[in-house]
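Enquirer: Below: one structure in structure tokens.
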Amino acid sequence: MKGLERVKHYLDEKGINAEIVVLDSSTKTSKLAAEALGCTIAQIAKSIVFKGSKPIIVVISGDKKVDLNTLSNVAKERVEMADSKYIQANTGYVVGGVPPFPHNPGVKIYLDASLFRWGEVWAAAGAPNALMKIKVRDLQNTICAEIIDTSER
């Protein structure tokens, strides 16, 4: 099942109400996504993949960057940015289309506190040109992820 279909199936299966938009242009960066949607970069929920003993994803507001030292402390191990091959092999999605869910077994997901400034955010929906508008609380309840503050200061 391709990325977008996988996300749609998961949303239907879990009964999550999210608006999915597929655009003609790429939305693989927060800036491109915000421009295409007419929202602020901060309202984009980007899923950043890191390599540790297992894959780690931090879903963070588009105007923030993950502090690697803070994430390493939270994960209790040294982590580093993942490359595109690692991302696709371990999440099942291509760079720019990695959604907050669903993922392959063994992927650890954290939600950054920066997301909770918003009632709703736009997140990748499994393809570099697909986005979903989802309530932050639905995101939290669906993933059951630990909420952390990894934003660079």
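Chain lettering (A, B, ...) mirrors the order of the structure tokens, residue numbering begins at 1 for each chain separately, and ligand numbering begins at 1 in order of display.
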Among stretch 60-103 of chain A, which residues carry a DSSP assignment of strand (DSSP E or B), reported as a short mmCIF file (atom, residue, chain, number, x, y, z; two decimals) with N, CA and C atoms, in the first residue's frame?
Expert:
data_model
loop_
_atom_site.label_atom_id
_atom_site.label_comp_id
_atom_site.auth_asym_id
_atom_site.auth_seq_id
_atom_site.Cartn_x
_atom_site.Cartn_y
_atom_site.Cartn_z
N ILE A 60 7.16 18.05 15.12
CA ILE A 60 7.45 19.36 15.68
C ILE A 60 6.89 20.45 14.77
N SER A 61 6.58 21.58 15.33
CA SER A 61 6.07 22.70 14.56
C SER A 61 7.10 23.14 13.52
N VAL A 66 14.75 20.69 15.99
CA VAL A 66 15.00 19.76 17.09
C VAL A 66 16.42 19.94 17.60
N GLU A 80 21.07 10.73 15.74
CA GLU A 80 21.54 11.58 14.64
C GLU A 80 20.47 11.63 13.57
N MET A 81 20.57 12.64 12.72
CA MET A 81 19.61 12.77 11.61
C MET A 81 19.71 11.53 10.73
#
Enquirer: Would you pick out the contacts of stretch 96-101 of chain A at 9 Å or less, using only C-alpha atoms, so that residues sharing its chain but fewer than 4 positions from it are not included, and give the list as number ranges by chain?
Expert: A: 3-4, 7, 10, 26-29, 45-49, 57-59, 87-88, 91-92, 109, 111, 123-132, 139, 142-143
Enquirer: Counting only C-alpha atoms, which of A:Leu71, A:Ala82, A:Ala36, A:Cys144 gets nearest to A:Val95?
Expert: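 Closest candidate: A:Ala82.
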Enquirer: In Å, rounded to a single decimal, give me how far atom CA of A:Arg137 is from atom CA of A:Gly119.
Expert: 7.6 Å
Enquirer: To test your reading of the structure, identify every residue in stretch 15-120 of chain A that backbone DSSP assigns to alpha helix (DSSP H), and report it as a PyMOL selection string.
Expert: chain A and resi 30-37+68-75+84-91
